[in-house]
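Encoded as structure tokens, the structure appears first; notes follow it.
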Amino acid sequence: MQTNKLTRFGIPLLGALAFLLLWELATDIGAVRPIILPSPSSIFRELASEPAWFAEQAVFTLGVTLLGFCVAVVVGVAFAIAIVEWPLLDRLLFPLFIGLNSVPKVAIAPLFIIWFGTGAEPKIAIAALIAVFAIVIDTALGLHSVPPDQLDLAKVLRGSRLKVLLRIKMYCALPHIFAGFKVALSLSLVGAIVGEFVSSQKGLGFAILTAQGSFDTPRVFAAIFILSILGVVLIGALDMIERVALPWHASQRKAAGH
Amino acid sequence: MAALDRLAVQPVAPRVVPERAMISASGVQKRFGGPKGLLALEDVSLDIAEGEFVSLLGPSGCGKSTFLRCLAGLEKPTAGKLLLDDKPIDGPPEKLGIAFQRDALLDWFSVLENVLLPADFGGYGRKAYEPRARELLAMVGLKDFADVYPSALSGGMRQRAAICRSLLLEPRLLLMDEPFGALDALTRDQLNVDLHHLWQRQRMTVGFVTHSISEAVFLSTRIVVFSARPGKVAEDIRVDLPDDRKLALRDTPDFIRYTHHIRGLFEKMGLIHD
Ligand SMILES: Nc1ncnc2c1ncn2[C@@H]1O[C@H](COP(=O)(O)OP(=O)(O)OP(=O)(O)O)[C@@H](O)[C@H]1O
Ligand SMILES: [Mg+2]
């Protein structure tokens, strides 16, 4: 167990440290100009100079990301259940849904500013819009993945459709749903930044945009660094929730050696 | 030879016996995939009385599972009449017990919750059936495994849990499709004995599909042998063996006469040869 933890967290950390060290050396010997690629130490200095300000921007972006993700979860799971349970709805709406999804979301972002103003709402909407597709696709896939034996069993036991959905289909779908969540969460972080790029007075996207205006490369990198940490932490948190929420699945994966 | 002839009963036997047929199939046909599709069952006629243990034997692909699924209301015959208690089977009947080759346990519920599923789905109340569920689990030696997930059970234990589930509602009709097909010989023997005891106690009507001749003889009061596809009743055999059966019964001449006779049938069909 002890060595297990060491190899699980230690080795990736070692990789990251080696990467930073090489980077530091490359910039110190003057191989790249700091305005193109600042050294890691200058990026950390930038972070340390205004930690409260950076934290404020990060919290705003995190809030937009999580709210957008939650909206996508509610809308996406509900839509997937609707099209799986009522095939007519599937035929009616799914092609339209695919078509709408093919529109580049970045192109719609300015429209959202017109509709929802310049507050947090349009950013949340963009984050949700970018994230929802993965959730719908994976949830629908999961709901369709029930083994035929279990469906026969449900029929023989004369369970209501609601019970079949809640006791069998949803559980079958959960591993797929969580896979969709992970993709969706990364995408809603992208959506939040896109929203902030288009118009904002707050957030890490706004920090990057203003720093870029004044060629403050260390600040751009500092914001990017926080973003990457946010991404890793969010996915890690989701992983943990999955393990707690799906104990039967976690034990199976362990037995399978993953 | 005369002894062998006596073994074959006429298919009309249940009509002669004053007992009322619980299941009555006449001219049941099942064709998959439209009028030009594959004919799985052709003209199956068969009456089953209450309390009989009927095994369906026959070559692979002859329609045994299909017939069982028709009885369970999961498939509709394309022709013929299929009655349960004199009413046409239209969808799964109430309180039907069913067990599949793969146990179909739900991985996300504990063993006890799995066994209680019929009460939950049927709306009979899980609380009311919990004592019975625990009793059934104890009877098959799973008392201490009520609260674990099925993934912690061996194949034989899983199948036992699935059998408990099929018996929860005290079904009048129990349908089993090769429930022990995936098990090792020893576990299979044990489960045969367990199932025999359960049937002795409850006397429910059982439809049992198997590929094992000796399993069929050991468990059944009657064996229906299907011909190769399209399935028809090739022979209907009444098994007159003592009611209280022990594993040692399989070594007695009486028992061997039955297995020998059925093997002879399969040889005649060209399914096995030396
Ligand atoms: N849903 C289906 N659609 C089309 N064909 C089917 C379907 N179910 C069964 N069949 C066909 O019907 C025939 C009988 O199948 P069935 O499963 O009843 O055989 P079986 O006697 O149970 O065989 P086995 O002993 O191998 O389980 C087979 O040829 C099979 O391919
Ligand atoms: Mg079969």
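Each chain in the structure tokens gets a letter, A, B and so on, in the order shown; residues start at 1 in every chain, and ligands are counted from 1 in the order they appear.
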Practice task
Could the residues of chain A within 6 Å of chain B, counting only C-alpha atoms, be given as number ranges by chain, please?
Solution key: A: 149-150, 156-159, 248
Handout entry: Env. residues ligand 1 / 10 Å / only C-alpha atoms and all ligand atoms / as a PyMOL selection string
Key = chain B and resi 30-34+37-41+56-70+75+101+177-178+181+209-211+226-231
Write out as an mmCIF file with C-alpha atoms, in the first residue's frame the set of residues from stretch 203-248 of chain B that DSSP, computed on the backbone, places in helix (DSSP H, G or I).
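Done, and the output landed in part.cif:
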data_model
loop_
_atom_site.group_PDB
_atom_site.id
_atom_site.type_symbol
_atom_site.label_atom_id
_atom_site.label_comp_id
_atom_site.auth_asym_id
_atom_site.auth_seq_id
_atom_site.Cartn_x
_atom_site.Cartn_y
_atom_site.Cartn_z
ATOM 1 C CA ILE B 213 -29.280 -36.348 -19.625
ATOM 2 C CA SER B 214 -28.512 -37.506 -16.084
ATOM 3 C CA GLU B 215 -29.439 -34.127 -14.624
ATOM 4 C CA ALA B 216 -32.782 -34.330 -16.424
ATOM 5 C CA VAL B 217 -33.466 -37.873 -15.190
ATOM 6 C CA PHE B 218 -32.407 -37.050 -11.647
ATOM 7 C CA LEU B 219 -34.653 -34.008 -11.303
ATOM 8 C CA LEU B 247 -27.257 -38.752 -5.641
ATOM 9 C CA ALA B 248 -26.580 -42.481 -5.318
#
List as a CSV table (one decimal) with all heavy atoms, in the first residue's frame the protein and nucleic acid residues near A:Leu246, meaning an atom at most 8 Å away when only C-alpha atoms are counted, but skip any in the same chain fewer than 3 places from it.
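Listed below is the output, selection15.csv:
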chain,number,residue,atom,x,y,z
A,174,LEU,N,-24.2,4.3,-15.2
A,174,LEU,CA,-23.4,5.1,-14.3
A,174,LEU,C,-21.9,5.1,-14.7
A,174,LEU,O,-21.3,6.2,-14.8
A,174,LEU,CB,-23.5,4.8,-12.8
A,174,LEU,CG,-24.7,5.5,-12.1
A,174,LEU,CD1,-24.8,5.0,-10.7
A,174,LEU,CD2,-24.5,7.0,-12.2
A,175,PRO,N,-21.3,4.0,-15.0
A,175,PRO,CA,-19.9,4.1,-15.4
A,175,PRO,C,-19.7,4.9,-16.7
A,175,PRO,O,-18.7,5.7,-16.8
A,175,PRO,CB,-19.5,2.6,-15.6
A,175,PRO,CG,-20.4,1.8,-14.7
A,175,PRO,CD,-21.7,2.6,-14.8
A,242,GLU,N,-16.6,9.2,-8.1
A,242,GLU,CA,-17.0,8.0,-8.8
A,242,GLU,C,-16.7,6.7,-7.9
A,242,GLU,O,-17.5,5.8,-7.8
A,242,GLU,CB,-16.2,7.8,-10.1
A,242,GLU,CG,-16.6,6.6,-10.9
A,242,GLU,CD,-15.9,6.4,-12.2
A,242,GLU,OE1,-14.9,7.2,-12.4
A,242,GLU,OE2,-16.2,5.5,-12.9
A,243,ARG,N,-15.5,6.8,-7.3
A,243,ARG,CA,-15.1,5.6,-6.5
A,243,ARG,C,-16.1,5.4,-5.3
A,243,ARG,O,-16.4,4.3,-4.9
A,243,ARG,CB,-13.7,5.7,-6.0
A,243,ARG,CG,-13.0,4.4,-6.0
A,243,ARG,CD,-11.5,4.6,-6.0
A,243,ARG,NE,-11.0,5.4,-7.0
A,243,ARG,CZ,-9.8,6.1,-7.0
A,243,ARG,NH1,-9.0,5.9,-5.9
A,243,ARG,NH2,-9.4,6.8,-8.0
A,249,HIS,N,-18.5,-1.0,-8.6
A,249,HIS,CA,-17.7,-0.9,-9.9
A,249,HIS,C,-16.3,-0.7,-9.5
A,249,HIS,O,-15.4,-1.3,-10.2
A,249,HIS,CB,-18.2,0.3,-10.6
A,249,HIS,CG,-17.7,0.4,-12.0
A,249,HIS,ND1,-16.9,1.4,-12.5
A,249,HIS,CD2,-17.9,-0.4,-13.1
A,249,HIS,CE1,-16.6,1.2,-13.7
A,249,HIS,NE2,-17.2,0.1,-14.1
A,250,ALA,N,-16.0,0.0,-8.5
A,250,ALA,CA,-14.6,0.2,-8.1
A,250,ALA,C,-13.9,-1.1,-7.7
A,250,ALA,O,-12.8,-1.4,-8.1
A,250,ALA,CB,-14.5,1.2,-6.9
B,108,TRP,N,-24.9,-4.0,-8.7
B,108,TRP,CA,-24.9,-2.8,-7.8
B,108,TRP,C,-25.8,-3.0,-6.6
B,108,TRP,O,-25.9,-2.1,-5.8
B,108,TRP,CB,-25.4,-1.6,-8.6
B,108,TRP,CG,-26.5,-1.9,-9.5
B,108,TRP,CD1,-27.8,-1.8,-9.1
B,108,TRP,CD2,-26.5,-2.4,-10.8
B,108,TRP,NE1,-28.6,-2.2,-10.2
B,108,TRP,CE2,-27.8,-2.5,-11.2
B,108,TRP,CE3,-25.5,-2.7,-11.7
B,108,TRP,CZ2,-28.2,-2.9,-12.5
B,108,TRP,CZ3,-25.8,-3.1,-13.0
B,108,TRP,CH2,-27.1,-3.2,-13.4
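Take the candidates B:Phe208, B:Val233, B:Leu249, B:Pro171 and check each one against ligand 2 using only C-alpha atoms and all ligand atoms; the shortest distance goes to B:Phe208.
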Handout entry: All residues 10 Å or closer to A:Ala127, only C-alpha atoms, same chain fewer than 2 positions away omitted, as a PyMOL selection string
Key = chain A and resi 64-72+105+109+121-125+129-132+184-195
Exercise for the section: State, in Å with one decimal place, the distance from atom CA of B:Leu174 to atom CA of A:Pro147. Expected result: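 A separation of 21.8 Å between them.
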Practice task
Compile the contact shell of A:Ala173 as an NGL selection string: residues with an atom at most 9 Å away, counting only C-alpha atoms, same-chain residues fewer than 5 positions apart removed.
Solution key: :A and (138-146 or 168 or 178)
Problem - Polymer residues at most 7 Å from stretch 221-237 of chain A, only C-alpha atoms, same-chain spacing of 4 or more positions, as number ranges by chain - result: A: 43, 46-47, 182, 186, 204, 207-208, 217, 241
Exercise for the section: State, in Å with one decimal place, the distance from atom CA of B:Leu136 to atom CA of B:Gly155. Expected result: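 Atom CA of B:Leu136 sits 17.8 Å away from atom CA of B:Gly155.
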Practice task
Report the distance between atom CA of A:Leu21 and atom CA of A:Glu50 in Å, rounded to one decimal place.
Solution key: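 Value for the atom CA of A:Leu21-atom CA of A:Glu50 distance: 23.8 Å.
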Handout entry: Exercise: stretch 32-35 of chain A partners within 9 Å, only C-alpha atoms, chain neighbours under 5 positions left out, as number ranges by chain
Key = A: 26-27, 215-218
Exercise for the section: Could you tell me, as JSON, numbers by chain, which residues of stretch 96-236 of chain B DSSP assigns to strand (DSSP E or B) when given the backbone? Expected result: {"B": [97, 98, 99, 173, 174, 175, 176, 177, 205, 206, 207, 208, 209, 222, 223, 224, 225, 226, 231, 233, 234, 235, 236]}
Selection export as a PDB file, in the first residue's frame, atoms kept: C-alpha atoms:
ATOM      1  CA  GLY B  97     -40.078 -17.672 -11.143  1.00  0.00           C
ATOM      2  CA  ILE B  98     -37.296 -17.557 -13.702  1.00  0.00           C
ATOM      3  CA  ALA B  99     -33.592 -18.416 -13.763  1.00  0.00           C
ATOM      4  CA  LEU B 173     -44.481 -21.938 -12.117  1.00  0.00           C
ATOM      5  CA  LEU B 174     -40.690 -21.955 -12.187  1.00  0.00           C
ATOM      6  CA  LEU B 175     -38.837 -21.755 -15.497  1.00  0.00           C
ATOM      7  CA  MET B 176     -35.108 -22.472 -15.645  1.00  0.00           C
ATOM      8  CA  ASP B 177     -32.939 -22.311 -18.748  1.00  0.00           C
ATOM      9  CA  THR B 205     -44.468 -26.729 -11.547  1.00  0.00           C
ATOM     10  CA  VAL B 206     -41.018 -26.577 -13.127  1.00  0.00           C
ATOM     11  CA  GLY B 207     -39.933 -26.173 -16.738  1.00  0.00           C
ATOM     12  CA  PHE B 208     -36.243 -26.995 -16.865  1.00  0.00           C
ATOM     13  CA  VAL B 209     -33.986 -26.797 -19.921  1.00  0.00           C
ATOM     14  CA  ARG B 222     -41.162 -36.116 -16.962  1.00  0.00           C
ATOM     15  CA  ILE B 223     -38.701 -35.499 -19.793  1.00  0.00           C
ATOM     16  CA  VAL B 224     -39.715 -34.002 -23.111  1.00  0.00           C
ATOM     17  CA  VAL B 225     -37.172 -34.629 -25.866  1.00  0.00           C
ATOM     18  CA  PHE B 226     -37.213 -32.163 -28.756  1.00  0.00           C
ATOM     19  CA  GLY B 231     -38.331 -28.138 -32.730  1.00  0.00           C
ATOM     20  CA  VAL B 233     -41.746 -33.108 -29.379  1.00  0.00           C
ATOM     21  CA  ALA B 234     -39.825 -36.236 -30.350  1.00  0.00           C
ATOM     22  CA  GLU B 235     -40.630 -38.174 -27.219  1.00  0.00           C
ATOM     23  CA  ASP B 236     -42.394 -37.644 -23.942  1.00  0.00           C
TER      24      ASP B 236
END
